[in-house]
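Raw work35.txt, compact mmCIF, C-alpha atoms:
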```
# COMPACT_ATOMS: atom_id res chain seq x y z
CA MET B 1 -29.39 7.92 6.97
CA SER B 2 -28.17 11.46 7.71
CA LEU B 3 -26.51 12.72 10.90
CA ALA B 4 -27.64 16.16 12.01
CA LEU B 5 -26.78 18.53 14.84
CA HIS B 6 -29.36 21.20 15.56
CA SER B 7 -28.39 24.36 17.49
CA LEU B 8 -26.02 22.33 19.66
CA THR B 9 -24.44 24.06 22.65
CA LEU B 10 -21.80 22.39 24.84
CA ALA B 11 -20.59 23.79 28.16
CA TRP B 12 -18.70 22.43 31.15
CA GLN B 13 -20.72 22.75 34.33
CA ASP B 14 -18.23 25.01 36.14
CA SER B 15 -16.99 26.98 33.13
CA PRO B 16 -18.20 30.52 32.35
CA GLN B 17 -17.56 30.04 28.62
CA PRO B 18 -19.27 27.38 26.47
CA LEU B 19 -17.16 25.13 24.28
CA LEU B 20 -19.62 25.44 21.44
CA THR B 21 -22.64 27.66 20.89
CA ASP B 22 -25.65 27.17 18.62
CA PHE B 23 -23.81 24.82 16.25
CA SER B 24 -25.67 23.10 13.42
CA LEU B 25 -24.44 20.57 10.88
CA CYS B 26 -26.06 18.03 8.56
CA ILE B 27 -24.05 15.18 7.03
CA ALA B 28 -25.69 13.25 4.20
CA PRO B 29 -25.37 9.48 3.69
CA GLY B 30 -22.02 8.60 2.12
CA GLU B 31 -20.44 11.95 2.98
CA ILE B 32 -17.45 12.82 5.14
CA ALA B 33 -17.62 16.19 6.88
CA VAL B 34 -14.43 17.59 8.41
CA ILE B 35 -14.10 19.85 11.44
CA GLN B 36 -10.61 21.28 11.59
CA GLY B 37 -8.96 23.25 14.39
CA PRO B 38 -6.18 23.31 17.00
CA SER B 39 -5.81 20.55 19.59
CA GLY B 40 -7.37 21.13 23.01
CA CYS B 41 -10.37 23.15 21.83
CA GLY B 42 -13.08 20.57 22.48
CA LYS B 43 -13.44 18.80 19.14
CA SER B 44 -13.20 15.36 20.78
CA THR B 45 -15.77 16.50 23.33
CA LEU B 46 -18.18 17.14 20.47
CA LEU B 47 -17.71 13.56 19.29
CA SER B 48 -18.36 12.23 22.78
CA ALA B 49 -21.61 14.23 22.89
CA ILE B 50 -22.71 12.73 19.57
CA ALA B 51 -21.73 9.20 20.63
CA GLY B 52 -23.38 9.55 24.04
CA THR B 53 -20.18 9.02 26.01
CA ALA B 54 -19.72 12.56 27.34
CA PRO B 55 -19.22 12.90 31.13
CA PRO B 56 -22.21 14.11 33.16
CA GLU B 57 -20.54 17.46 33.89
CA LEU B 58 -20.82 18.38 30.20
CA LEU B 59 -24.06 20.29 29.69
CA ILE B 60 -25.60 19.62 26.29
CA SER B 61 -28.48 21.53 24.74
CA GLY B 62 -29.91 21.37 21.26
CA ALA B 63 -30.67 18.21 19.31
CA ILE B 64 -28.74 15.35 17.73
CA SER B 65 -30.57 13.25 15.16
CA LEU B 66 -29.78 10.21 13.07
CA ASP B 67 -32.03 9.43 10.13
CA GLY B 68 -34.45 12.04 11.45
CA GLN B 69 -34.72 10.44 14.91
CA ALA B 70 -33.53 12.32 18.00
CA ILE B 71 -30.83 10.32 19.81
CA GLU B 72 -29.57 12.66 22.53
CA ALA B 73 -31.47 10.65 25.18
CA THR B 74 -30.51 7.26 23.67
CA PRO B 75 -27.85 5.18 25.50
CA PRO B 76 -24.49 5.03 23.69
CA GLU B 77 -24.76 1.32 22.88
CA ALA B 78 -28.14 1.87 21.19
CA ARG B 79 -27.13 4.81 19.00
CA GLY B 80 -25.46 2.71 16.34
CA ILE B 81 -22.50 5.07 16.00
CA GLY B 82 -19.00 3.77 15.29
CA ILE B 83 -15.84 5.56 16.41
CA LEU B 84 -12.39 5.39 14.87
CA PHE B 85 -9.55 6.81 16.94
CA GLN B 86 -6.03 8.01 16.13
CA ASP B 87 -4.57 4.71 17.33
CA ALA B 88 -5.89 1.51 15.75
CA LEU B 89 -6.51 -0.05 19.21
CA LEU B 90 -6.34 -3.61 17.89
CA PHE B 91 -6.44 -6.34 20.53
CA PRO B 92 -2.87 -7.67 20.84
CA HIS B 93 -3.97 -11.12 22.07
CA LEU B 94 -6.16 -11.73 18.99
CA THR B 95 -5.22 -12.43 15.39
CA VAL B 96 -6.12 -9.98 12.65
CA ALA B 97 -9.14 -12.11 11.72
CA GLN B 98 -10.27 -12.34 15.34
CA ASN B 99 -9.98 -8.57 15.69
CA LEU B 100 -12.27 -8.15 12.70
CA ALA B 101 -14.74 -10.74 14.01
CA PHE B 102 -14.99 -8.78 17.26
CA GLY B 103 -16.96 -6.10 15.41
CA LEU B 104 -19.59 -8.48 14.04
CA PRO B 105 -23.11 -8.84 15.49
CA SER B 106 -23.39 -11.81 17.83
CA HIS B 107 -26.38 -13.36 16.03
CA LEU B 108 -24.34 -14.39 12.97
CA THR B 109 -23.48 -18.04 12.49
CA ARG B 110 -19.87 -19.20 12.49
CA ALA B 111 -19.93 -19.58 8.69
CA GLU B 112 -21.41 -16.10 8.25
CA ARG B 113 -18.76 -14.62 10.52
CA GLN B 114 -15.97 -16.32 8.58
CA GLN B 115 -17.39 -15.08 5.28
CA ALA B 116 -17.75 -11.52 6.58
CA VAL B 117 -14.17 -11.49 7.87
CA ALA B 118 -12.85 -12.91 4.59
CA ARG B 119 -14.68 -10.21 2.60
CA ALA B 120 -13.37 -7.49 4.90
CA LEU B 121 -9.79 -8.69 4.53
CA GLU B 122 -10.16 -8.79 0.76
CA ASP B 123 -11.72 -5.31 0.66
CA ALA B 124 -8.83 -4.02 2.76
CA GLY B 125 -6.31 -5.58 0.38
CA LEU B 126 -5.10 -7.92 3.13
CA ALA B 127 -6.66 -11.21 2.07
CA ASP B 128 -3.90 -13.41 3.50
CA TYR B 129 -3.42 -11.53 6.75
CA GLY B 130 -6.15 -13.16 8.86
CA PRO B 131 -3.88 -15.45 10.94
CA ARG B 132 -1.28 -12.77 11.59
CA ASP B 133 -0.39 -11.07 14.84
CA PRO B 134 -1.49 -7.39 14.71
CA ALA B 135 1.92 -6.40 16.09
CA HIS B 136 3.45 -7.41 12.76
CA LEU B 137 1.27 -5.06 10.70
CA SER B 138 2.44 -1.71 9.39
CA GLY B 139 0.74 1.48 10.55
CA GLY B 140 -1.33 1.69 7.39
CA GLN B 141 -2.38 -1.94 7.64
CA LYS B 142 -3.44 -1.49 11.26
CA ALA B 143 -5.48 1.55 10.29
CA ARG B 144 -7.29 -0.38 7.55
CA ILE B 145 -8.08 -3.28 9.89
CA ALA B 146 -9.42 -0.87 12.52
CA MET B 147 -11.57 0.79 9.87
CA MET B 148 -12.95 -2.53 8.61
CA ARG B 149 -13.66 -3.68 12.18
CA ALA B 150 -15.67 -0.51 12.77
CA MET B 151 -17.61 -1.00 9.54
CA LEU B 152 -18.34 -4.68 10.25
CA SER B 153 -20.44 -3.56 13.21
CA ALA B 154 -22.77 -1.95 10.62
CA PRO B 155 -22.80 1.53 12.17
CA LYS B 156 -25.43 4.06 11.16
CA ALA B 157 -22.77 6.79 11.30
CA LEU B 158 -19.00 6.95 11.83
CA LEU B 159 -17.04 9.41 13.95
CA MET B 160 -13.30 9.75 13.36
CA ASP B 161 -11.12 11.32 16.06
CA GLU B 162 -7.80 12.37 14.46
CA SER B 163 -7.87 9.04 12.63
CA PHE B 164 -5.11 9.98 10.17
CA ALA B 165 -2.76 11.71 12.61
CA SER B 166 -0.33 8.83 13.18
CA LEU B 167 0.26 8.14 9.47
CA ASP B 168 2.98 9.58 7.26
CA PRO B 169 1.90 11.80 4.31
CA HIS B 170 1.80 8.97 1.75
CA LEU B 171 -0.19 6.67 4.01
CA ARG B 172 -2.52 9.52 5.01
CA THR B 173 -3.51 10.02 1.39
CA GLN B 174 -3.84 6.29 0.73
CA PHE B 175 -5.87 5.64 3.88
CA GLY B 176 -8.02 8.72 3.30
CA GLN B 177 -9.05 7.39 -0.10
CA PHE B 178 -9.73 3.97 1.42
CA VAL B 179 -11.96 5.50 4.11
CA ALA B 180 -13.85 7.66 1.61
CA ASN B 181 -14.56 4.59 -0.52
CA ARG B 182 -15.84 2.58 2.47
CA ILE B 183 -18.07 5.43 3.65
CA ALA B 184 -19.54 5.78 0.16
CA THR B 185 -19.99 2.01 -0.20
CA GLN B 186 -21.86 1.66 3.09
CA ASN B 187 -23.68 4.95 2.44
CA ILE B 188 -23.41 6.29 5.98
CA PRO B 189 -22.56 9.80 7.23
CA ALA B 190 -19.09 10.32 8.72
CA LEU B 191 -17.51 13.14 10.71
CA LEU B 192 -13.74 13.58 10.93
CA ILE B 193 -12.17 15.96 13.43
CA SER B 194 -8.56 16.95 12.95
CA HIS B 195 -5.93 19.52 13.91
CA HIS B 196 -4.10 18.84 10.63
CA VAL B 197 -5.07 21.29 7.90
CA ASP B 198 -4.32 18.76 5.14
CA ASP B 199 -7.13 16.50 6.37
CA LYS B 200 -9.60 18.91 4.79
CA ALA B 201 -8.74 17.13 1.54
CA PHE B 202 -10.59 14.03 2.80
CA ALA B 203 -13.92 15.86 3.01
CA THR B 204 -16.65 14.91 0.59
CA GLY B 205 -19.12 17.13 2.44
CA GLN B 206 -18.76 20.28 4.53
CA VAL B 207 -15.47 21.58 5.90
CA ILE B 208 -15.78 23.61 9.10
CA ASP B 209 -13.18 25.57 11.01
CA TRP B 210 -13.65 24.92 14.73
CA PRO B 211 -14.45 28.11 16.66
CA CYS B 212 -11.52 28.18 19.11
```
With the file now loaded, output its structure as C-alpha cells.
Amino acid sequence: MSLALHSLTLAWQDSPQPLLTDFSLCIAPGEIAVIQGPSGCGKSTLLSAIAGTAPPELLISGAISLDGQAIEATPPEARGIGILFQDALLFPHLTVAQNLAFGLPSHLTRAERQQAVARALEDAGLADYGPRDPAHLSGGQKARIAMMRAMLSAPKALLMDESFASLDPHLRTQFGQFVANRIATQNIPALLISHHVDDKAFATGQVIDWPC
C-alpha cells in the first residue's frame, strides 16, 4: 500500500507563481517520508491536496495514487487517508476511551469496540486511562491518544501536519519513536511535514527540502 505523487503541480487560481511544480514522491508501506521547510510555504496545502480537502481555488495537476489506484477524483471520505495535526484535537466532552472509539468503523459490535479501545490504550502505554478526562492528560499522552485514534480508523495512509511541533525535545523524540513503530506495525505509508529541522530524524524514508 504505497502513496505516490506523480508530477504534481499546485497553483492558486489568481497567483502567477505555482506553489509546487512537477513534484514526485513515492512512500513505501511502513515508511515515514519527511518534507521540511519554513512555515507559510504551502506544505499544509500539499497535504490538503492529497487528502482531498483543498479549496476549489487550488488548481491541481498531476496524479495522486494509493496502492496504484488514482485518487485525485475520489471524495475525501473515500480516500482512506488519516490526518494527524499539531494539536491533538481530542473531544473535551468525551473520555479518553470514547475519543478512541470515535475513530472505529461503525459496523463493529460493542464488544469489538471495547476490545479495540483496550488494545489501543495498552499499545499507547496508557492502559488505565480510558475513563479519564482528556484535559488531565499531558501533552505527550494527548499526542499518543490522537495517534491511536487515527490508526483505529484503519487508514491506508497517514498525513502528519507539524505533529511534533507542540512537544518539548524529550517528548518529540519519544513520540517520534512511538509513531514510527505504529506506522511500521500497520505497514502504511506516512508523510510528515515540518518546519523543524530536527524532525528529519523521524524519517524512515525520503527526506525532502521544500522548494520555498
Worksheet item: For Ala118 in chain B, which residue out of B:Arg79, B:Lys156, B:Arg149, B:Lys43 is the nearest one, using only C-alpha atoms?
Response: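 Nearest to Ala118 in chain B: B:Arg149.
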Discussion item. What's the separation between CA of Arg132 in chain B and CA of Arg119 in chain B, in Å to one decimal place?
Written reply: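 Atom-to-atom, CA of Arg132 in chain B to CA of Arg119 in chain B, that is 16.3 Å.
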Discussion item. Nearest residue to Asp161 in chain B out of B:Leu59, B:Ala180, B:Leu191, B:Ala49, using all atoms listed in the file?
Written reply: B:Leu191
Worksheet entry | B:Ala124, B:Ile83, B:Ala70, B:Ala54 ranked by distance to Ala154 in chain B, top pick (using only C-alpha atoms) | B:Ile83
Discussion item. So, with only C-alpha atoms as the atoms that count, which of B:Ser15, B:Thr9, B:Gln177, B:Ser39 lies closest to Trp210 in chain B?
Written reply: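 Going through B:Ser15, B:Thr9, B:Gln177, B:Ser39 one by one, the smallest distance to Trp210 in chain B is for B:Ser39.
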Practice prompt. For range 100-102 of chain B, please output as a ChimeraX atom specification all residues within 9 Å (counting all atoms listed in the file; exclusion window: fewer than 4 positions along the same chain).
Written response: /B:95-96,106,113-114,116-117,120-121,130,145-146,148-150,152-153
Response to the item:
The distance between CA of Gly80 in chain B and CA of Gln36 in chain B is 24.2 Å
Fill in: Shortest interatomic distance to Ala4 in chain B - which of B:Leu19, B:Ala97, B:Ile35, B:Ala63, counting only C-alpha atoms
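Selected residue with least distance to Ala4 in chain B: B:Ala63.
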Discussion item. Taking 6 positions as the minimum chain separation for residues in the same chain, which residues sit within 12 Å of Ala11 in chain B when counting all atoms listed in the file? Answer as a ChimeraX atom specification.
Written reply: /B:17-22,42,45-46,49,54-62
Discussion item. Report, in Å with one decimal, the straight-line distance from CA of Gln69 in chain B to CA of Ser2 in chain B.
Written reply: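 Taking CA of Gln69 in chain B as the start and CA of Ser2 in chain B as the end point, the length is 9.8 Å.
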Fill in: Long-range neighbours of Pro169 in chain B as a PyMOL selection string, 12 Å cut-off, all atoms listed in the file, 4 positions minimum in chain
chain B and resi 140+164-165+173-176+196+198-199
